[in-house]
Structure formats: C-alpha cells, structure tokens
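Asker: Next comes the structure file final33.cif, holding mmCIF, N, CA and C atoms.
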data_work
#
loop_
_atom_site.label_atom_id
_atom_site.label_comp_id
_atom_site.auth_asym_id
_atom_site.auth_seq_id
_atom_site.Cartn_x
_atom_site.Cartn_y
_atom_site.Cartn_z
N MET K 275 35.40 -37.71 91.00
CA MET K 275 35.83 -36.54 91.76
C MET K 275 37.35 -36.46 91.67
N LYS K 276 37.83 -35.35 91.18
CA LYS K 276 39.27 -35.13 91.05
C LYS K 276 39.68 -33.92 91.86
N TRP K 277 40.94 -33.92 92.30
CA TRP K 277 41.45 -32.80 93.07
C TRP K 277 42.93 -32.63 92.82
N VAL K 278 43.42 -31.44 93.12
CA VAL K 278 44.84 -31.11 93.04
C VAL K 278 45.22 -30.48 94.36
N LEU K 279 46.30 -30.98 94.95
CA LEU K 279 46.83 -30.43 96.20
C LEU K 279 48.21 -29.85 95.93
N ARG K 280 48.45 -28.68 96.49
CA ARG K 280 49.79 -28.09 96.38
C ARG K 280 50.01 -27.16 97.57
N LYS K 281 51.24 -26.80 97.75
CA LYS K 281 51.60 -25.90 98.84
C LYS K 281 50.94 -24.54 98.61
N SER K 282 50.32 -24.02 99.65
CA SER K 282 49.69 -22.71 99.59
C SER K 282 50.72 -21.65 99.93
N ASN K 283 50.85 -20.67 99.08
CA ASN K 283 51.78 -19.57 99.34
C ASN K 283 51.13 -18.46 100.13
N GLY K 284 49.80 -18.46 100.17
CA GLY K 284 49.08 -17.44 100.91
C GLY K 284 49.00 -17.77 102.39
N THR K 285 48.93 -16.75 103.21
CA THR K 285 48.85 -16.96 104.65
C THR K 285 47.41 -17.11 105.12
N ASP K 286 46.43 -16.95 104.21
CA ASP K 286 45.03 -17.05 104.61
C ASP K 286 44.57 -18.50 104.73
N ASN K 287 45.36 -19.44 104.22
CA ASN K 287 45.00 -20.86 104.30
C ASN K 287 45.56 -21.43 105.59
N PRO K 288 44.71 -21.93 106.48
CA PRO K 288 45.18 -22.38 107.79
C PRO K 288 45.99 -23.67 107.76
N HIS K 289 45.97 -24.39 106.66
CA HIS K 289 46.64 -25.69 106.60
C HIS K 289 47.88 -25.70 105.72
N ALA K 290 48.20 -24.58 105.07
CA ALA K 290 49.33 -24.47 104.15
C ALA K 290 49.16 -25.37 102.94
N VAL K 291 47.93 -25.82 102.68
CA VAL K 291 47.64 -26.69 101.55
C VAL K 291 46.52 -26.06 100.73
N GLU K 292 46.75 -25.93 99.44
CA GLU K 292 45.72 -25.45 98.54
C GLU K 292 45.03 -26.65 97.90
N LEU K 293 43.72 -26.69 98.01
CA LEU K 293 42.90 -27.77 97.46
C LEU K 293 42.10 -27.20 96.31
N LYS K 294 42.33 -27.71 95.11
CA LYS K 294 41.60 -27.26 93.92
C LYS K 294 40.71 -28.39 93.43
N MET K 295 39.41 -28.05 93.22
CA MET K 295 38.43 -28.99 92.70
C MET K 295 37.48 -28.22 91.80
N LYS K 296 36.62 -28.96 91.08
CA LYS K 296 35.59 -28.32 90.27
C LYS K 296 34.68 -27.50 91.18
N PRO K 297 34.06 -26.43 90.66
CA PRO K 297 33.22 -25.56 91.48
C PRO K 297 32.09 -26.27 92.23
N GLU K 298 31.55 -27.37 91.69
CA GLU K 298 30.47 -28.05 92.40
C GLU K 298 30.92 -28.64 93.73
N PHE K 299 32.23 -28.73 93.94
CA PHE K 299 32.76 -29.25 95.19
C PHE K 299 33.22 -28.14 96.14
N ASP K 300 32.85 -26.90 95.86
CA ASP K 300 33.21 -25.78 96.74
C ASP K 300 32.78 -26.01 98.19
N PRO K 301 31.58 -26.59 98.45
CA PRO K 301 31.22 -26.84 99.86
C PRO K 301 32.19 -27.79 100.56
N LEU K 302 32.70 -28.77 99.85
CA LEU K 302 33.67 -29.70 100.43
C LEU K 302 34.97 -28.98 100.74
N VAL K 303 35.47 -28.20 99.80
CA VAL K 303 36.72 -27.46 100.00
C VAL K 303 36.56 -26.49 101.18
N ALA K 304 35.49 -25.73 101.17
CA ALA K 304 35.27 -24.75 102.24
C ALA K 304 35.14 -25.43 103.60
N ALA K 305 34.43 -26.57 103.64
CA ALA K 305 34.26 -27.28 104.91
C ALA K 305 35.60 -27.78 105.45
N ILE K 306 36.45 -28.29 104.59
CA ILE K 306 37.77 -28.76 105.04
C ILE K 306 38.60 -27.59 105.55
N TYR K 307 38.55 -26.47 104.85
CA TYR K 307 39.32 -25.30 105.27
C TYR K 307 38.88 -24.77 106.64
N THR K 308 37.63 -25.03 107.04
CA THR K 308 37.16 -24.48 108.32
C THR K 308 37.67 -25.26 109.53
N ILE K 309 38.26 -26.42 109.31
CA ILE K 309 38.73 -27.24 110.43
C ILE K 309 40.07 -26.71 110.93
N ASP K 310 40.13 -26.35 112.20
CA ASP K 310 41.40 -25.92 112.79
C ASP K 310 42.43 -27.03 112.66
N HIS K 311 43.65 -26.67 112.34
CA HIS K 311 44.66 -27.72 112.13
C HIS K 311 44.86 -28.55 113.40
N GLU K 312 44.66 -27.94 114.58
CA GLU K 312 44.82 -28.69 115.82
C GLU K 312 43.79 -29.81 115.93
N LEU K 313 42.62 -29.62 115.31
CA LEU K 313 41.54 -30.61 115.39
C LEU K 313 41.58 -31.63 114.25
N PHE K 314 42.48 -31.46 113.31
CA PHE K 314 42.48 -32.34 112.15
C PHE K 314 42.70 -33.81 112.50
N PRO K 315 43.59 -34.16 113.44
CA PRO K 315 43.71 -35.58 113.80
C PRO K 315 42.40 -36.15 114.33
N GLU K 316 41.70 -35.39 115.15
CA GLU K 316 40.40 -35.85 115.68
C GLU K 316 39.39 -36.00 114.54
N PHE K 317 39.36 -35.03 113.63
CA PHE K 317 38.47 -35.09 112.47
C PHE K 317 38.71 -36.37 111.68
N ILE K 318 39.95 -36.69 111.39
CA ILE K 318 40.28 -37.89 110.62
C ILE K 318 39.81 -39.14 111.35
N THR K 319 40.06 -39.20 112.65
CA THR K 319 39.66 -40.37 113.43
C THR K 319 38.14 -40.54 113.41
N VAL K 320 37.41 -39.46 113.58
CA VAL K 320 35.95 -39.52 113.61
C VAL K 320 35.39 -39.96 112.26
N ILE K 321 35.83 -39.33 111.18
CA ILE K 321 35.26 -39.68 109.87
C ILE K 321 35.74 -41.06 109.41
N SER K 322 36.86 -41.53 109.94
CA SER K 322 37.33 -42.88 109.61
C SER K 322 36.35 -43.93 110.10
N GLN K 323 35.59 -43.58 111.13
CA GLN K 323 34.63 -44.51 111.71
C GLN K 323 33.21 -44.21 111.23
N SER K 324 33.11 -43.43 110.15
CA SER K 324 31.82 -43.03 109.57
C SER K 324 30.89 -42.40 110.60
N GLU K 325 31.47 -41.57 111.43
CA GLU K 325 30.68 -40.82 112.41
C GLU K 325 30.60 -39.38 111.93
N ASN K 326 29.48 -38.74 112.21
CA ASN K 326 29.28 -37.36 111.80
C ASN K 326 30.26 -36.43 112.49
N TRP K 327 30.65 -35.39 111.77
CA TRP K 327 31.50 -34.35 112.31
C TRP K 327 30.85 -33.03 111.95
N GLY K 328 30.69 -32.18 112.92
CA GLY K 328 30.09 -30.88 112.64
C GLY K 328 30.56 -29.84 113.63
N PHE K 329 30.60 -28.62 113.17
CA PHE K 329 31.04 -27.50 113.99
C PHE K 329 30.70 -26.22 113.25
N SER K 330 30.63 -25.16 113.92
CA SER K 330 30.32 -23.83 113.39
C SER K 330 29.50 -23.90 112.10
N ASP K 331 30.14 -23.66 110.96
CA ASP K 331 29.41 -23.54 109.70
C ASP K 331 29.53 -24.76 108.79
N ALA K 332 30.19 -25.82 109.22
CA ALA K 332 30.41 -26.96 108.34
C ALA K 332 30.00 -28.27 109.01
N ASN K 333 29.47 -29.19 108.19
CA ASN K 333 29.05 -30.50 108.69
C ASN K 333 29.37 -31.58 107.68
N PHE K 334 29.76 -32.73 108.20
CA PHE K 334 30.01 -33.93 107.42
C PHE K 334 29.08 -35.00 107.99
N ARG K 335 28.12 -35.48 107.20
CA ARG K 335 27.08 -36.38 107.70
C ARG K 335 27.08 -37.67 106.90
N PHE K 336 27.15 -38.80 107.61
CA PHE K 336 27.15 -40.12 107.00
C PHE K 336 25.75 -40.73 107.02
N PHE K 337 25.39 -41.38 105.93
CA PHE K 337 24.07 -41.98 105.74
C PHE K 337 23.66 -42.85 106.92
N ASP K 338 24.55 -43.74 107.35
CA ASP K 338 24.21 -44.73 108.38
C ASP K 338 23.91 -44.12 109.75
N VAL K 339 24.35 -42.90 110.00
CA VAL K 339 24.10 -42.29 111.30
C VAL K 339 23.14 -41.10 111.21
N MET K 340 22.49 -40.97 110.06
CA MET K 340 21.47 -39.94 109.90
C MET K 340 20.11 -40.58 110.15
N ASP K 341 19.21 -39.81 110.76
CA ASP K 341 17.86 -40.34 110.93
C ASP K 341 17.07 -40.10 109.64
N PRO K 342 15.91 -40.75 109.50
CA PRO K 342 15.12 -40.64 108.26
C PRO K 342 14.77 -39.19 107.87
N GLU K 343 14.51 -38.35 108.86
CA GLU K 343 14.18 -36.96 108.56
C GLU K 343 15.38 -36.22 107.96
N GLU K 344 16.56 -36.49 108.49
CA GLU K 344 17.77 -35.86 107.94
C GLU K 344 18.01 -36.33 106.51
N ARG K 345 17.83 -37.61 106.27
CA ARG K 345 18.01 -38.13 104.91
C ARG K 345 17.00 -37.51 103.95
N ALA K 346 15.77 -37.36 104.42
CA ALA K 346 14.74 -36.74 103.58
C ALA K 346 15.10 -35.29 103.26
N ALA K 347 15.70 -34.60 104.21
CA ALA K 347 16.10 -33.21 104.00
C ALA K 347 17.16 -33.08 102.91
N VAL K 348 18.00 -34.10 102.78
CA VAL K 348 19.05 -34.08 101.75
C VAL K 348 18.43 -33.94 100.36
N ARG K 349 17.31 -34.61 100.14
CA ARG K 349 16.62 -34.52 98.84
C ARG K 349 16.28 -33.07 98.53
N GLY K 350 15.89 -32.31 99.54
CA GLY K 350 15.57 -30.90 99.35
C GLY K 350 16.77 -30.07 98.92
N PHE K 351 17.95 -30.43 99.41
CA PHE K 351 19.17 -29.71 99.03
C PHE K 351 19.71 -30.18 97.69
N GLU K 352 19.72 -31.48 97.50
CA GLU K 352 20.41 -32.06 96.35
C GLU K 352 19.49 -32.49 95.20
N GLY K 353 18.20 -32.55 95.46
CA GLY K 353 17.27 -32.92 94.40
C GLY K 353 17.19 -34.41 94.13
N ARG K 354 17.78 -35.19 94.99
CA ARG K 354 17.72 -36.65 94.86
C ARG K 354 17.99 -37.27 96.22
N ALA K 355 17.66 -38.55 96.34
CA ALA K 355 17.90 -39.27 97.59
C ALA K 355 19.39 -39.54 97.76
N MET K 356 19.81 -39.53 98.99
CA MET K 356 21.20 -39.85 99.34
C MET K 356 21.39 -41.36 99.31
N ARG K 357 22.49 -41.80 98.72
CA ARG K 357 22.82 -43.23 98.68
C ARG K 357 23.60 -43.60 99.94
N PRO K 358 23.49 -44.85 100.41
CA PRO K 358 24.23 -45.29 101.60
C PRO K 358 25.75 -45.13 101.49
N SER K 359 26.27 -45.09 100.29
CA SER K 359 27.72 -44.98 100.08
C SER K 359 28.20 -43.54 100.07
N GLU K 360 27.32 -42.59 100.32
CA GLU K 360 27.68 -41.18 100.21
C GLU K 360 27.78 -40.50 101.57
N ILE K 361 28.43 -39.35 101.54
CA ILE K 361 28.50 -38.45 102.69
C ILE K 361 27.92 -37.11 102.24
N PHE K 362 27.13 -36.50 103.12
CA PHE K 362 26.51 -35.22 102.85
C PHE K 362 27.34 -34.15 103.54
N ILE K 363 27.82 -33.20 102.76
CA ILE K 363 28.69 -32.15 103.29
C ILE K 363 27.99 -30.81 103.08
N SER K 364 27.93 -30.03 104.15
CA SER K 364 27.34 -28.70 104.04
C SER K 364 28.28 -27.67 104.66
N GLU K 365 28.28 -26.50 104.04
CA GLU K 365 29.08 -25.39 104.54
C GLU K 365 28.21 -24.14 104.35
N ALA K 366 28.09 -23.33 105.37
CA ALA K 366 27.11 -22.25 105.41
C ALA K 366 27.16 -21.32 104.20
N GLN K 367 28.33 -20.91 103.77
CA GLN K 367 28.43 -19.96 102.67
C GLN K 367 28.45 -20.64 101.29
N SER K 368 28.95 -21.86 101.22
CA SER K 368 29.16 -22.51 99.91
C SER K 368 28.04 -23.46 99.50
N GLY K 369 27.24 -23.93 100.45
CA GLY K 369 26.14 -24.81 100.11
C GLY K 369 26.39 -26.25 100.53
N THR K 370 25.87 -27.18 99.71
CA THR K 370 25.93 -28.60 100.04
C THR K 370 26.41 -29.42 98.86
N VAL K 371 26.89 -30.62 99.16
CA VAL K 371 27.32 -31.55 98.11
C VAL K 371 27.30 -32.96 98.68
N LEU K 372 27.00 -33.92 97.81
CA LEU K 372 27.10 -35.34 98.15
C LEU K 372 28.34 -35.90 97.46
N VAL K 373 29.14 -36.67 98.21
CA VAL K 373 30.31 -37.32 97.61
C VAL K 373 30.38 -38.76 98.11
N GLU K 374 30.99 -39.60 97.30
CA GLU K 374 31.19 -40.99 97.69
C GLU K 374 32.16 -41.06 98.86
N GLN K 375 31.84 -41.89 99.85
CA GLN K 375 32.68 -42.00 101.04
C GLN K 375 34.10 -42.43 100.71
N VAL K 376 34.26 -43.38 99.81
CA VAL K 376 35.60 -43.87 99.49
C VAL K 376 36.46 -42.74 98.95
N GLU K 377 35.91 -41.96 98.03
CA GLU K 377 36.67 -40.84 97.46
C GLU K 377 36.93 -39.77 98.52
N PHE K 378 35.96 -39.51 99.36
CA PHE K 378 36.13 -38.54 100.44
C PHE K 378 37.27 -38.97 101.36
N HIS K 379 37.29 -40.23 101.76
CA HIS K 379 38.36 -40.72 102.63
C HIS K 379 39.72 -40.62 101.94
N GLN K 380 39.78 -40.91 100.65
CA GLN K 380 41.04 -40.79 99.91
C GLN K 380 41.51 -39.34 99.88
N LEU K 381 40.58 -38.42 99.64
CA LEU K 381 40.92 -37.00 99.63
C LEU K 381 41.45 -36.57 100.99
N VAL K 382 40.75 -36.93 102.05
CA VAL K 382 41.19 -36.53 103.39
C VAL K 382 42.58 -37.10 103.69
N GLN K 383 42.83 -38.32 103.29
CA GLN K 383 44.14 -38.93 103.51
C GLN K 383 45.23 -38.13 102.78
N GLU K 384 45.02 -37.83 101.52
CA GLU K 384 46.03 -37.08 100.76
C GLU K 384 46.18 -35.65 101.29
N TYR K 385 45.08 -35.04 101.67
CA TYR K 385 45.12 -33.68 102.21
C TYR K 385 45.93 -33.66 103.51
N ALA K 386 45.68 -34.62 104.39
CA ALA K 386 46.40 -34.67 105.67
C ALA K 386 47.89 -34.91 105.43
N GLN K 387 48.21 -35.75 104.48
CA GLN K 387 49.63 -35.99 104.17
C GLN K 387 50.29 -34.71 103.66
N ALA K 388 49.56 -33.93 102.86
CA ALA K 388 50.08 -32.65 102.39
C ALA K 388 50.25 -31.68 103.56
N MET K 389 49.32 -31.70 104.50
CA MET K 389 49.46 -30.86 105.69
C MET K 389 50.75 -31.20 106.44
N LEU K 390 51.00 -32.49 106.60
CA LEU K 390 52.22 -32.92 107.30
C LEU K 390 53.47 -32.45 106.57
N LEU K 391 53.40 -32.36 105.27
CA LEU K 391 54.55 -31.92 104.47
C LEU K 391 54.72 -30.41 104.50
N TYR K 392 53.63 -29.67 104.29
CA TYR K 392 53.74 -28.22 104.09
C TYR K 392 53.63 -27.36 105.34
N MET K 393 52.88 -27.79 106.33
CA MET K 393 52.72 -26.95 107.52
C MET K 393 54.03 -26.69 108.27
N PRO K 394 54.87 -27.71 108.47
CA PRO K 394 56.13 -27.42 109.16
C PRO K 394 57.01 -26.42 108.41
N GLN K 395 56.89 -26.35 107.10
CA GLN K 395 57.68 -25.41 106.32
C GLN K 395 57.22 -23.97 106.54
N ARG K 396 55.93 -23.81 106.86
CA ARG K 396 55.40 -22.46 107.03
C ARG K 396 55.58 -21.93 108.44
N ASN K 397 55.09 -22.66 109.42
CA ASN K 397 55.10 -22.10 110.77
C ASN K 397 55.45 -23.12 111.84
N GLY K 398 55.85 -24.27 111.42
CA GLY K 398 56.21 -25.29 112.39
C GLY K 398 54.98 -25.82 113.12
N VAL K 399 55.04 -27.08 113.43
CA VAL K 399 53.98 -27.71 114.22
C VAL K 399 54.66 -28.50 115.32
N ASP K 400 53.94 -28.70 116.39
CA ASP K 400 54.57 -29.40 117.50
C ASP K 400 54.56 -30.91 117.27
N TYR K 401 55.48 -31.56 117.92
CA TYR K 401 55.67 -32.99 117.76
C TYR K 401 54.43 -33.81 118.13
N PRO K 402 53.75 -33.50 119.25
CA PRO K 402 52.55 -34.27 119.59
C PRO K 402 51.47 -34.21 118.49
N TRP K 403 51.29 -33.06 117.84
CA TRP K 403 50.31 -32.95 116.76
C TRP K 403 50.70 -33.87 115.61
N THR K 404 51.97 -33.89 115.27
CA THR K 404 52.44 -34.75 114.19
C THR K 404 52.18 -36.21 114.51
N ILE K 405 52.44 -36.62 115.73
CA ILE K 405 52.20 -38.01 116.14
C ILE K 405 50.71 -38.33 116.06
N GLU K 406 49.86 -37.42 116.51
CA GLU K 406 48.41 -37.64 116.44
C GLU K 406 47.93 -37.74 114.99
N MET K 407 48.49 -36.91 114.12
CA MET K 407 48.13 -36.99 112.70
C MET K 407 48.53 -38.35 112.12
N LEU K 408 49.71 -38.82 112.45
CA LEU K 408 50.17 -40.11 111.93
C LEU K 408 49.29 -41.25 112.44
N LYS K 409 48.89 -41.18 113.70
CA LYS K 409 47.98 -42.20 114.25
C LYS K 409 46.64 -42.16 113.55
N ALA K 410 46.10 -40.98 113.36
CA ALA K 410 44.80 -40.83 112.70
C ALA K 410 44.87 -41.32 111.25
N LEU K 411 45.96 -41.03 110.58
CA LEU K 411 46.12 -41.50 109.20
C LEU K 411 46.23 -43.02 109.13
N ALA K 412 46.83 -43.63 110.13
CA ALA K 412 46.90 -45.10 110.17
C ALA K 412 45.50 -45.69 110.31
N ILE K 413 44.65 -45.08 111.10
CA ILE K 413 43.26 -45.54 111.26
C ILE K 413 42.52 -45.39 109.92
N LEU K 414 42.70 -44.25 109.28
CA LEU K 414 42.03 -44.02 107.99
C LEU K 414 42.54 -44.99 106.93
N ARG K 415 43.83 -45.25 106.91
CA ARG K 415 44.42 -46.18 105.95
C ARG K 415 43.82 -47.58 106.12
N THR K 416 43.66 -48.00 107.37
CA THR K 416 43.04 -49.29 107.66
C THR K 416 41.62 -49.32 107.12
N ARG K 417 40.91 -48.24 107.28
CA ARG K 417 39.53 -48.12 106.78
C ARG K 417 39.52 -48.26 105.26
N LEU K 418 40.42 -47.55 104.60
CA LEU K 418 40.47 -47.58 103.13
C LEU K 418 40.83 -48.97 102.61
N GLU K 419 41.70 -49.66 103.31
CA GLU K 419 42.09 -50.99 102.88
C GLU K 419 40.94 -51.98 103.04
N GLY K 420 40.02 -51.71 103.97
CA GLY K 420 38.88 -52.58 104.21
C GLY K 420 37.72 -52.33 103.25
N GLN K 421 37.79 -51.26 102.48
CA GLN K 421 36.67 -50.93 101.58
C GLN K 421 36.82 -51.58 100.22
#
Take the structure from the file and write it as structure tokens.

Answerer:
Amino acid sequence: MKWVLRKSNGTDNPHAVELKMKPEFDPLVAAIYTIDHELFPEFITVISQSENWGFSDANFRFFDVMDPEERAAVRGFEGRAMRPSEIFISEAQSGTVLVEQVEFHQLVQEYAQAMLLYMPQRNGVDYPWTIEMLKALAILRTRLEGQ
C-alpha cells in the first residue's frame, strides 16, 4: 500500500491534506476525509488501541473486536476471509477495503503529521488541539514501535 501526502490547495478538504492512493483504496481515503479535524486526536487514540471507530458513513473495524458474524460479513464484501492482521474499512459512497493494520497505522501517523503542518497555514488551529494531536501521535508511535 503506497500513498502520497501533500498540502491541499482546495478548501473542500477539511484537513488541508491531500491523500493520493490507488483507486482500490478510495474507501480508506474517503473514510479518513469524513473525520472532523477536531475529532482526529480521539480517532488516533482509539485506533492505536485497535478499537473500532465508526460514525455517520465511515467505519474502521479491527478483527480482534469483531464478532464472528461481522467477520463472516466481510467475506461478502471482500470475497475472502479477513486476516487477524487486517482492518476492515467501509465508507458509504466508496465501498469497503481491507488493509494491514501496520500500514494503516503508519498512514494515519503520516497523515496526522501533515495535518499538523498544513492546517495552521490554512486557517489556524487552537493550541489545545495541537497538544492533543501530539499526545495521540505519541500513543500511536509507541504502538508502531511495539509491532
């Protein structure tokens, strides 16, 4: 899984970060874009602990916290069984995708770092949000180092 992050010049992107990936990862990109920037520190903290995150039209589901029926449903979407090392991501308009947790965590870490860089340039962010993002990234970094 490869990605490119750069500053978004458009005002339609809520995070001031453009995420480019192959089309099969559109559900992942769309799901990340649906997260309000104010909630991003909480999102990072939750997924760092391999806990499910879901809201409105997007969901991030971890194998270990899915029940057998949910895991069986993944086969219907993806055409194969979900592996314990994967996360199931769904977004209402874009569909579903399975990605390796390690790569997903790396992407989220880089994306959040880009948010910290580019969002203040566009519209400014408050200091408490920045501190919460840095704390959440420290938790995620610890997770990545343990994998």

Asker: Using the chain letters and numbers from the file, which residues does the PyMOL selection byres ((chain K and resi 373) around 8) grab, as JSON, numbers by chain?

Answerer: {"K": [359, 360, 361, 362, 363, 370, 371, 372, 374, 375, 376, 377, 378, 379]}

Asker: From a DSSP pass on the backbone, collect the residues of stretch 287-420 of chain K flagged as helix (DSSP H, G or I) and hand them back as an NGL selection string.

Answerer: :K and (297-307 or 311-322 or 337-339 or 342-352 or 375-396 or 401-420)

Asker: To verify the selection step, state as number ranges by chain which residues the PyMOL selection byres ((chain K and resi 330-347) around 6.5) yields on this input.

Answerer: K: 305, 324-329, 348-352, 356-358, 360-367

Asker: For the structure shown, which residues end up in the PyMOL selection byres (((chain K and resi 297 and name CA) around 12) and name CA)? Put them as a PyMOL selection string, please?

Answerer: chain K and resi 275-277+293-296+298-304+368-371

Asker: Which residues are close to K:Gln387, i.e. within 12 Å by only C-alpha atoms, leaving aside same-chain residues fewer than 3 positions away? Reply as an MDAnalysis selection string.

Answerer: chainID K and resid 279:281 289:291 314:315 318 380:384 390:394 404 407:412 414:415

Asker: Which of these residues is nearest to K:Val399, using only C-alpha atoms: K:Val278, K:His311, K:Asn287, K:Gly420?

Answerer: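 Using only C-alpha atoms, K:Val399 sits closest to K:His311.
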
Asker: Quick one: pull the distance between atom N of K:Glu316 and atom C of K:Glu419, Å, one decimal.

Answerer: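 Calculated distance between atom N of K:Glu316 and atom C of K:Glu419 is 20.6 Å.
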
Asker: At what distance in Å, to one decimal, does atom N of K:Leu313 lie from atom CA of K:Glu406?

Answerer: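 Rounded to one decimal, the two atoms are 10.0 Å apart.
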
Asker: Assign secondary structure with DSSP using the backbone only, and return the residues of chain K in strand (DSSP E or B) as a PyMOL selection string.

Answerer: chain K and resi 278-281+291-294+327-329+332-336+360-365+369-374
